[in-house]
$ cat entry09.tsv   # TSV, C-alpha atoms
chain	number	residue	atom	x	y	z
A	1	MET	CA	-41.29	26.48	17.54
A	2	THR	CA	-42.10	23.31	19.44
A	3	ILE	CA	-40.01	20.38	18.25
A	4	LEU	CA	-40.63	16.70	18.92
A	5	GLY	CA	-37.35	14.82	19.43
A	6	ILE	CA	-36.98	11.06	18.99
A	7	GLU	CA	-33.92	9.18	20.25
A	8	SER	CA	-33.48	5.45	19.58
A	9	SER	CA	-29.80	5.07	18.71
A	10	CYS	CA	-29.09	2.32	21.24
A	11	ASP	CA	-31.21	0.94	24.08
A	12	GLU	CA	-33.02	4.06	25.34
A	13	CYS	CA	-36.38	4.78	23.73
A	14	SER	CA	-37.02	8.46	24.33
A	15	VAL	CA	-39.36	11.14	23.04
A	16	ALA	CA	-39.37	14.78	24.16
A	17	LEU	CA	-40.99	18.10	23.35
A	18	VAL	CA	-38.82	21.22	23.43
A	19	ALA	CA	-39.91	24.81	22.73
A	20	ASP	CA	-37.50	27.23	21.03
A	21	GLY	CA	-34.51	24.98	21.59
A	22	THR	CA	-34.25	25.55	25.34
A	23	GLN	CA	-37.58	24.95	27.11
A	24	LEU	CA	-38.21	21.30	27.94
A	25	LEU	CA	-41.98	20.74	27.93
A	26	SER	CA	-41.97	16.99	28.52
A	27	GLN	CA	-39.74	13.96	28.14
A	28	VAL	CA	-40.28	10.24	28.43
A	29	VAL	CA	-37.41	7.74	28.53
A	30	ALA	CA	-38.09	4.00	28.44
A	31	THR	CA	-34.98	2.09	29.42
A	32	GLN	CA	-34.20	-1.48	28.36
A	33	VAL	CA	-31.58	-2.21	31.03
A	34	GLU	CA	-33.38	-5.19	32.53
A	35	TYR	CA	-33.61	-6.90	29.13
A	36	HIS	CA	-29.88	-6.55	28.41
A	37	ARG	CA	-28.58	-7.18	31.94
A	38	PRO	CA	-28.37	-11.00	31.52
A	39	TYR	CA	-25.98	-10.47	28.59
A	40	LYS	CA	-23.85	-7.77	30.32
A	41	GLY	CA	-24.28	-5.53	27.32
A	42	VAL	CA	-26.72	-4.32	24.68
A	43	VAL	CA	-28.04	-6.99	22.30
A	44	PRO	CA	-28.92	-5.19	19.03
A	45	GLU	CA	-31.81	-7.47	18.09
A	46	ILE	CA	-33.46	-7.09	21.49
A	47	ALA	CA	-32.92	-3.33	21.41
A	48	SER	CA	-34.62	-2.82	18.05
A	49	ARG	CA	-37.50	-5.12	18.98
A	50	LYS	CA	-38.20	-3.19	22.19
A	51	HIS	CA	-38.09	0.12	20.35
A	52	THR	CA	-40.71	-1.23	17.96
A	53	GLU	CA	-42.92	-2.33	20.85
A	54	TRP	CA	-42.58	0.86	22.90
A	55	ILE	CA	-42.14	3.88	20.66
A	56	PHE	CA	-45.80	4.70	20.03
A	57	ASP	CA	-46.70	4.53	23.72
A	58	VAL	CA	-43.66	6.64	24.64
A	59	TYR	CA	-44.70	9.23	22.02
A	60	ARG	CA	-48.29	9.30	23.26
A	61	GLN	CA	-47.22	9.66	26.90
A	62	CYS	CA	-44.92	12.54	25.97
A	63	LEU	CA	-47.82	14.42	24.36
A	64	GLN	CA	-50.06	13.76	27.36
A	65	GLU	CA	-47.48	15.05	29.85
A	66	ALA	CA	-47.10	18.26	27.86
A	67	ASP	CA	-50.89	18.53	27.47
A	68	MET	CA	-50.47	18.95	23.73
A	69	SER	CA	-51.96	17.47	20.60
A	70	ALA	CA	-49.94	16.17	17.69
A	71	GLU	CA	-51.17	19.05	15.54
A	72	GLN	CA	-49.43	21.55	17.83
A	73	ILE	CA	-46.00	20.14	16.97
A	74	ASP	CA	-44.07	22.44	14.62
A	75	GLY	CA	-41.38	19.97	13.56
A	76	ILE	CA	-39.89	16.54	14.18
A	77	ALA	CA	-36.23	15.74	14.86
A	78	VAL	CA	-34.82	12.23	15.02
A	79	THR	CA	-31.40	10.70	15.60
A	80	CYS	CA	-30.17	9.25	12.30
A	81	ARG	CA	-26.53	8.49	13.22
A	82	PRO	CA	-24.41	7.00	14.73
A	83	GLY	CA	-25.80	3.98	16.57
A	84	LEU	CA	-27.27	0.52	16.14
A	85	VAL	CA	-28.80	0.43	12.67
A	86	GLY	CA	-31.85	-1.60	13.71
A	87	SER	CA	-32.63	0.76	16.57
A	88	LEU	CA	-32.04	3.87	14.46
A	89	LEU	CA	-34.38	2.54	11.77
A	90	VAL	CA	-37.25	2.23	14.25
A	91	GLY	CA	-36.94	5.84	15.35
A	92	ALA	CA	-36.40	7.17	11.83
A	93	SER	CA	-39.32	5.21	10.39
A	94	PHE	CA	-41.63	6.43	13.15
A	95	ALA	CA	-40.46	10.03	12.66
A	96	LYS	CA	-40.98	9.88	8.91
A	97	GLY	CA	-44.47	8.43	9.36
A	98	LEU	CA	-45.38	11.24	11.75
A	99	ALA	CA	-43.92	13.91	9.48
A	100	PHE	CA	-45.90	12.59	6.52
A	101	ALA	CA	-49.18	12.15	8.40
A	102	LEU	CA	-49.01	15.50	10.20
A	103	GLU	CA	-47.44	17.39	7.27
A	104	LYS	CA	-44.64	18.64	9.51
A	105	PRO	CA	-40.99	19.29	8.61
A	106	LEU	CA	-38.48	16.56	9.46
A	107	ILE	CA	-34.80	16.79	10.34
A	108	GLY	CA	-32.30	14.03	11.04
A	109	VAL	CA	-29.60	14.90	13.58
A	110	ASP	CA	-26.26	13.48	14.65
A	111	HIS	CA	-26.24	11.80	18.07
A	112	ILE	CA	-22.80	13.20	18.96
A	113	LEU	CA	-23.78	16.77	18.10
A	114	ALA	CA	-26.97	16.35	20.12
A	115	HIS	CA	-25.01	15.34	23.24
A	116	LEU	CA	-22.77	18.39	22.87
A	117	TYR	CA	-25.85	20.59	22.49
A	118	ALA	CA	-27.73	19.19	25.52
A	119	PRO	CA	-26.42	21.74	28.09
A	120	HIS	CA	-28.24	24.53	26.19
A	121	LEU	CA	-31.40	23.16	27.78
A	122	GLU	CA	-30.17	24.23	31.22
A	123	CYS	CA	-27.89	27.22	30.75
A	124	GLU	CA	-26.67	29.82	28.29
A	125	LEU	CA	-23.55	28.84	26.38
A	126	GLU	CA	-21.38	30.89	24.09
A	127	TYR	CA	-19.21	29.41	21.35
A	128	PRO	CA	-16.49	28.33	21.12
A	129	PHE	CA	-16.01	25.84	23.94
A	130	LEU	CA	-14.23	22.56	24.51
A	131	GLY	CA	-16.67	19.68	24.18
A	132	VAL	CA	-16.09	16.29	25.81
A	133	LEU	CA	-18.26	13.30	24.87
A	134	LEU	CA	-17.97	10.20	27.06
A	135	SER	CA	-20.12	7.14	26.52
A	136	GLY	CA	-20.07	3.43	25.87
A	137	GLY	CA	-19.40	3.99	22.19
A	138	HIS	CA	-17.62	7.32	22.03
A	139	THR	CA	-14.77	9.18	23.70
A	140	LEU	CA	-13.73	12.43	22.11
A	141	ILE	CA	-12.48	15.91	22.89
A	142	ALA	CA	-13.43	18.63	20.44
A	143	ARG	CA	-13.40	22.32	19.75
A	144	VAL	CA	-17.04	23.27	19.31
A	145	GLU	CA	-17.43	26.40	17.18
A	146	GLY	CA	-21.18	26.13	16.64
A	147	TYR	CA	-24.15	23.80	16.95
A	148	ASP	CA	-22.91	21.79	13.96
A	149	GLU	CA	-19.29	22.92	13.77
A	150	VAL	CA	-17.04	20.46	15.59
A	151	GLU	CA	-13.32	19.85	15.24
A	152	VAL	CA	-12.02	16.78	17.04
A	153	VAL	CA	-8.71	17.35	18.84
A	154	GLY	CA	-8.57	14.11	20.84
A	155	ALA	CA	-10.21	10.69	20.90
A	156	THR	CA	-9.69	7.16	22.11
A	157	ILE	CA	-7.39	5.07	19.95
A	158	ASP	CA	-9.07	1.83	21.06
A	159	ASP	CA	-11.86	1.28	23.62
A	160	ALA	CA	-14.33	4.00	24.55
A	161	VAL	CA	-14.20	4.92	28.24
A	162	GLY	CA	-17.72	3.61	28.87
A	163	GLU	CA	-16.85	0.34	27.16
A	164	ALA	CA	-13.83	-0.05	29.46
A	165	PHE	CA	-16.01	0.52	32.52
A	166	ASP	CA	-18.54	-2.05	31.33
A	167	LYS	CA	-15.89	-4.68	30.50
A	168	VAL	CA	-14.15	-4.35	33.86
A	169	ALA	CA	-17.50	-4.55	35.64
A	170	GLY	CA	-18.46	-7.57	33.55
A	171	TYR	CA	-15.22	-9.40	34.39
A	172	PHE	CA	-15.87	-8.97	38.12
A	173	ASN	CA	-19.60	-9.75	37.76
A	174	LEU	CA	-20.57	-6.38	39.20
A	175	GLY	CA	-23.73	-6.09	37.16
A	176	TYR	CA	-24.95	-4.00	34.27
A	177	PRO	CA	-24.68	-1.11	33.50
A	178	GLY	CA	-21.11	-1.44	34.70
A	179	GLY	CA	-20.24	2.24	34.95
A	180	ILE	CA	-22.92	2.91	37.55
A	181	GLU	CA	-21.83	-0.03	39.70
A	182	ILE	CA	-18.14	0.86	39.52
A	183	ASP	CA	-19.00	4.43	40.51
A	184	ARG	CA	-20.98	3.19	43.50
A	185	ARG	CA	-18.34	0.76	44.72
A	186	ALA	CA	-15.51	3.21	44.12
A	187	ARG	CA	-17.09	5.57	46.66
A	188	MET	CA	-16.45	2.87	49.29
A	189	GLY	CA	-12.89	2.04	48.18
A	190	ASP	CA	-9.39	3.47	48.48
A	191	ALA	CA	-7.72	4.33	45.18
A	192	ARG	CA	-4.26	4.15	46.81
A	193	ALA	CA	-4.51	0.36	46.94
A	194	TYR	CA	-3.46	0.03	43.29
A	195	GLY	CA	-1.20	2.06	41.05
A	196	PHE	CA	-2.59	1.20	37.64
A	197	PRO	CA	-0.45	2.63	34.81
A	198	ALA	CA	-1.45	5.29	32.31
A	199	PRO	CA	-0.74	4.48	28.65
A	200	ARG	CA	2.27	6.01	26.92
A	201	LEU	CA	1.04	7.37	23.64
A	202	HIS	CA	3.28	8.79	20.97
A	203	LYS	CA	3.75	12.52	21.18
A	204	GLY	CA	2.65	14.89	18.46
A	205	ASP	CA	-0.54	13.75	16.77
A	206	HIS	CA	-1.72	11.88	19.87
A	207	LEU	CA	-1.21	14.70	22.36
A	208	PHE	CA	-4.86	14.77	23.44
A	209	ASP	CA	-5.79	11.15	22.66
A	210	VAL	CA	-6.55	8.48	25.26
A	211	SER	CA	-6.27	4.70	25.36
A	212	TYR	CA	-8.16	2.27	27.59
A	213	SER	CA	-7.29	-1.22	26.36
A	214	GLY	CA	-4.03	-1.39	28.33
A	215	LEU	CA	-5.63	-0.10	31.53
A	216	LYS	CA	-8.47	-2.59	31.15
A	217	THR	CA	-5.97	-5.45	30.70
A	218	ALA	CA	-3.98	-4.34	33.77
A	219	VAL	CA	-7.08	-4.27	35.95
A	220	VAL	CA	-8.41	-7.61	34.73
A	221	ASN	CA	-5.26	-9.71	34.26
A	222	GLN	CA	-2.33	-8.01	35.97
A	223	ARG	CA	-3.82	-6.23	38.95
A	224	GLU	CA	-1.59	-7.94	41.54
A	225	GLN	CA	1.48	-6.43	39.90
A	226	PHE	CA	0.19	-2.97	40.76
A	227	ARG	CA	-1.22	-3.61	44.25
A	228	ASP	CA	0.18	-1.91	47.34
A	229	PRO	CA	0.48	-4.67	50.00
A	230	ALA	CA	-0.44	-2.13	52.66
A	231	TYR	CA	-4.02	-2.13	51.37
A	232	GLU	CA	-6.68	-4.80	51.07
A	233	ALA	CA	-7.31	-6.38	47.68
A	234	SER	CA	-11.04	-5.65	47.80
A	235	ILE	CA	-13.30	-5.11	44.81
A	236	GLU	CA	-14.10	-1.64	46.16
A	237	ASN	CA	-10.40	-0.72	46.13
A	238	ILE	CA	-10.00	-2.11	42.61
A	239	CYS	CA	-12.96	-0.02	41.43
A	240	ALA	CA	-11.64	3.11	43.10
A	241	ALA	CA	-8.15	2.73	41.61
A	242	PHE	CA	-9.44	1.86	38.14
A	243	GLU	CA	-11.86	4.78	38.15
A	244	LYS	CA	-9.12	7.16	39.27
A	245	ALA	CA	-6.73	6.02	36.54
A	246	ALA	CA	-9.40	6.12	33.83
A	247	VAL	CA	-10.77	9.52	34.75
A	248	GLU	CA	-7.48	11.28	35.50
A	249	MET	CA	-6.05	10.19	32.15
A	250	LEU	CA	-9.02	11.82	30.47
A	251	VAL	CA	-9.12	14.95	32.63
A	252	SER	CA	-5.41	15.60	32.03
A	253	ARG	CA	-6.03	15.59	28.25
A	254	VAL	CA	-9.04	17.87	28.62
A	255	LEU	CA	-7.07	20.41	30.65
A	256	LYS	CA	-4.17	20.35	28.19
A	257	ALA	CA	-6.52	20.85	25.25
A	258	ALA	CA	-8.32	23.73	26.99
A	259	GLU	CA	-4.97	25.40	27.60
A	260	ARG	CA	-3.66	24.71	24.11
A	261	TYR	CA	-6.71	26.18	22.37
A	262	LYS	CA	-7.29	28.91	24.98
A	263	LEU	CA	-10.83	27.78	25.78
A	264	SER	CA	-12.14	28.68	29.23
A	265	THR	CA	-15.39	26.66	29.04
A	266	VAL	CA	-15.58	22.86	29.07
A	267	VAL	CA	-18.87	21.14	28.26
A	268	ALA	CA	-19.25	17.40	28.90
A	269	GLY	CA	-21.95	14.98	27.80
A	270	GLY	CA	-22.67	11.27	27.49
A	271	GLY	CA	-23.36	8.62	30.10
A	272	VAL	CA	-19.87	8.63	31.64
A	273	ALA	CA	-20.19	12.39	32.22
A	274	ALA	CA	-22.46	11.35	35.11
A	275	ASN	CA	-19.53	9.68	36.87
A	276	THR	CA	-18.99	11.16	40.32
A	277	TYR	CA	-15.18	11.26	40.21
A	278	PHE	CA	-15.15	12.85	36.76
A	279	ARG	CA	-17.57	15.60	37.77
A	280	GLN	CA	-15.60	16.36	40.93
A	281	ALA	CA	-12.22	16.32	39.19
A	282	LEU	CA	-13.27	18.86	36.56
A	283	ALA	CA	-15.26	21.03	38.93
A	284	ARG	CA	-12.27	21.75	41.17
A	285	GLU	CA	-10.12	23.18	38.36
A	286	PRO	CA	-9.63	26.94	38.97
A	287	GLY	CA	-10.29	29.42	36.19
A	288	LEU	CA	-12.31	26.94	34.16
A	289	ARG	CA	-16.05	27.09	33.62
A	290	VAL	CA	-17.27	23.51	33.64
A	291	VAL	CA	-20.77	22.82	32.32
A	292	LEU	CA	-22.10	19.39	33.23
A	293	PRO	CA	-25.69	18.53	32.27
A	294	SER	CA	-28.02	17.06	34.86
A	295	LEU	CA	-27.91	13.27	34.96
A	296	SER	CA	-31.09	12.92	32.89
A	297	LEU	CA	-29.42	14.82	30.03
A	298	CYS	CA	-26.15	12.88	30.21
A	299	THR	CA	-27.67	9.61	29.05
A	300	ASP	CA	-29.38	9.24	25.66
A	301	ASN	CA	-32.53	11.36	25.58
A	302	GLY	CA	-35.02	12.89	23.18
A	303	ALA	CA	-34.65	16.39	24.63
A	304	MET	CA	-31.16	16.90	23.21
A	305	VAL	CA	-32.39	15.72	19.80
A	306	ALA	CA	-35.34	18.11	19.84
A	307	ALA	CA	-33.18	21.02	21.01
A	308	LEU	CA	-30.61	20.51	18.25
A	309	GLY	CA	-33.39	19.91	15.75
A	310	TYR	CA	-34.73	23.37	16.54
A	311	GLU	CA	-31.44	24.92	15.42
A	312	TYR	CA	-31.76	23.29	12.01
A	313	LEU	CA	-35.50	23.72	11.49
A	314	SER	CA	-35.56	27.35	12.61
A	315	ARG	CA	-33.01	28.04	9.86
A	316	GLY	CA	-35.13	26.31	7.24
A	317	ARG	CA	-33.05	23.14	6.97
A	318	ARG	CA	-35.02	19.96	6.28
A	319	SER	CA	-34.58	16.24	5.65
A	320	GLU	CA	-36.56	14.42	2.98
A	321	LEU	CA	-38.71	11.39	3.70
A	322	ASP	CA	-36.00	9.16	2.23
A	323	LEU	CA	-33.78	10.06	5.22
A	324	ASP	CA	-31.39	7.17	5.82
A	325	VAL	CA	-29.60	6.03	8.99
A	326	SER	CA	-25.96	5.14	9.56
A	327	ALA	CA	-24.08	3.15	12.18
A	328	ARG	CA	-21.26	5.69	11.99
A	329	THR	CA	-20.98	9.42	11.69
A	330	PRO	CA	-19.43	10.61	8.42
A	331	GLY	CA	-16.59	12.04	10.46
A	332	PHE	CA	-15.76	15.42	11.92
A	333	ARG	CA	-12.71	17.46	11.05
A	334	ARG	CA	-9.69	16.22	12.91
A	335	ALA	CA	-7.20	18.79	14.22
A	336	TYR	CA	-3.69	17.82	15.23
A	337	PRO	CA	-1.66	20.01	17.61
$ encode --input "entry09.tsv" --output "structure tokens"
Amino acid sequence: MTILGIESSCDECSVALVADGTQLLSQVVATQVEYHRPYKGVVPEIASRKHTEWIFDVYRQCLQEADMSAEQIDGIAVTCRPGLVGSLLVGASFAKGLAFALEKPLIGVDHILAHLYAPHLECELEYPFLGVLLSGGHTLIARVEGYDEVEVVGATIDDAVGEAFDKVAGYFNLGYPGGIEIDRRARMGDARAYGFPAPRLHKGDHLFDVSYSGLKTAVVNQREQFRDPAYEASIENICAAFEKAAVEMLVSRVLKAAERYKLSTVVAGGGVAANTYFRQALAREPGLRVVLPSLSLCTDNGAMVAALGYEYLSRGRRSELDLDVSARTPGFRRAYP
């Protein structure tokens, strides 16, 4: 089966063709970064308008790169949640129109599940594994028992990790997207210059949870309290110390969860999974298989949507043409240690 995947949950307009859930035939991603950069964040109205302007051309280019016709598509998958409602509606409306015109089956998929499924495009994975999703809107740690069986064991209690990166970068006028710029500058800094504190969460239910609002406040408003006078107060050093504190807090929870649930494989996805320090910190853990998608599969993309869509469609599951979208996911099971 060759599945067309459409992703438009935020500011990336992407269409991909995937055969049998693992073979990427073509993918086109149109990014809106330059349109949102002046505002240091995604503007929902601009995002939905650009999706409307671009989606047909992105779809047509995807078919051309795969040297396929629309009639050769076996099914259509589209992100229907969570995300910006206006952006989701553009993708869903386009997908429903295609499904109706081509008389092809349609399936709506969850953006979070698609990110956790993305590594299947590059390697073989056996369930269960520990899934880690890191992005501007989501931070969660979950036991993944199947392509649509997820049990959350840890999450952020306030800001998502990507949101914290963007807000710190915005405060220091480092540019947008903030995570990329902090990563770049951190490579030139010395993390020993600042000793930013990790949050103290309550034990028990919050054993694997993370919190970024306090760290963000310390970096932005109280950084001099945590500076080592032996080191320069440069922006590169601030970035390095902030990145270290943010990532190590997360990695420590991931390792504890892997040990607690006796899972030897960790799979990460989402834009922040492309962070250099994060990838290095996980990769050096002995006895742990760490699966990190290539950078093109970390950010929002149509390939992960098509791949997950294959799992549903190959089992005969379908969405009707009245498929609706939602800003939030209905919620996964939450496990407490």
$ residues_around --input "entry09.tsv" --residues "A:Leu140" --least-positions-apart "4" --cutoff "6 Å" --atoms "all atoms listed in the file" --output "JSON, numbers by chain"
{"A": [132, 133, 154, 155]}
$ residues_near_point --input "entry09.tsv" --point "(-17.2, 5.9, 28.0)" --cutoff "8 Å" --atoms "all atoms listed in the file" --output "VMD selection string"
chain A and resid 134 to 139 160 to 165 270 to 272
$ residues_around --input "entry09.tsv" --residues "A:Val29" --least-positions-apart "5" --cutoff "7 Å" --atoms "all atoms listed in the file" --output "ChimeraX atom specification"
/A:12-15,301
$ residues_around --input "entry09.tsv" --residues "A:Gly86" --least-positions-apart "6" --cutoff "12 Å" --atoms "all atoms listed in the file" --output "PDB file with C-alpha atoms, keeping the file's coordinate frame"
ATOM      1  CA  SER A   8     -33.480   5.450  19.580  1.00  0.00           C
ATOM      2  CA  SER A   9     -29.800   5.070  18.710  1.00  0.00           C
ATOM      3  CA  CYS A  10     -29.090   2.320  21.240  1.00  0.00           C
ATOM      4  CA  ASP A  11     -31.210   0.940  24.080  1.00  0.00           C
ATOM      5  CA  VAL A  43     -28.040  -6.990  22.300  1.00  0.00           C
ATOM      6  CA  PRO A  44     -28.920  -5.190  19.030  1.00  0.00           C
ATOM      7  CA  GLU A  45     -31.810  -7.470  18.090  1.00  0.00           C
ATOM      8  CA  ILE A  46     -33.460  -7.090  21.490  1.00  0.00           C
ATOM      9  CA  ALA A  47     -32.920  -3.330  21.410  1.00  0.00           C
ATOM     10  CA  SER A  48     -34.620  -2.820  18.050  1.00  0.00           C
ATOM     11  CA  ARG A  49     -37.500  -5.120  18.980  1.00  0.00           C
ATOM     12  CA  LYS A  50     -38.200  -3.190  22.190  1.00  0.00           C
ATOM     13  CA  HIS A  51     -38.090   0.120  20.350  1.00  0.00           C
ATOM     14  CA  THR A  52     -40.710  -1.230  17.960  1.00  0.00           C
ATOM     15  CA  CYS A  80     -30.170   9.250  12.300  1.00  0.00           C
ATOM     16  CA  ALA A  92     -36.400   7.170  11.830  1.00  0.00           C
ATOM     17  CA  SER A  93     -39.320   5.210  10.390  1.00  0.00           C
ATOM     18  CA  ASP A 324     -31.390   7.170   5.820  1.00  0.00           C
ATOM     19  CA  VAL A 325     -29.600   6.030   8.990  1.00  0.00           C
ATOM     20  CA  SER A 326     -25.960   5.140   9.560  1.00  0.00           C
ATOM     21  CA  ALA A 327     -24.080   3.150  12.180  1.00  0.00           C
TER      22      ALA A 327
END
$ residues_around --input "entry09.tsv" --residues "stretch 306-318 of chain A" --least-positions-apart "6" --cutoff "7 Å" --atoms "all atoms listed in the file" --output "list of chain:residue names"
A:Ile3, A:Leu4, A:Gly5, A:Ala16, A:Leu17, A:Val18, A:Asp20, A:Gly21, A:Thr22, A:Ala77, A:Pro105, A:Leu106, A:Ile107, A:Val109, A:Ala114, A:Tyr117
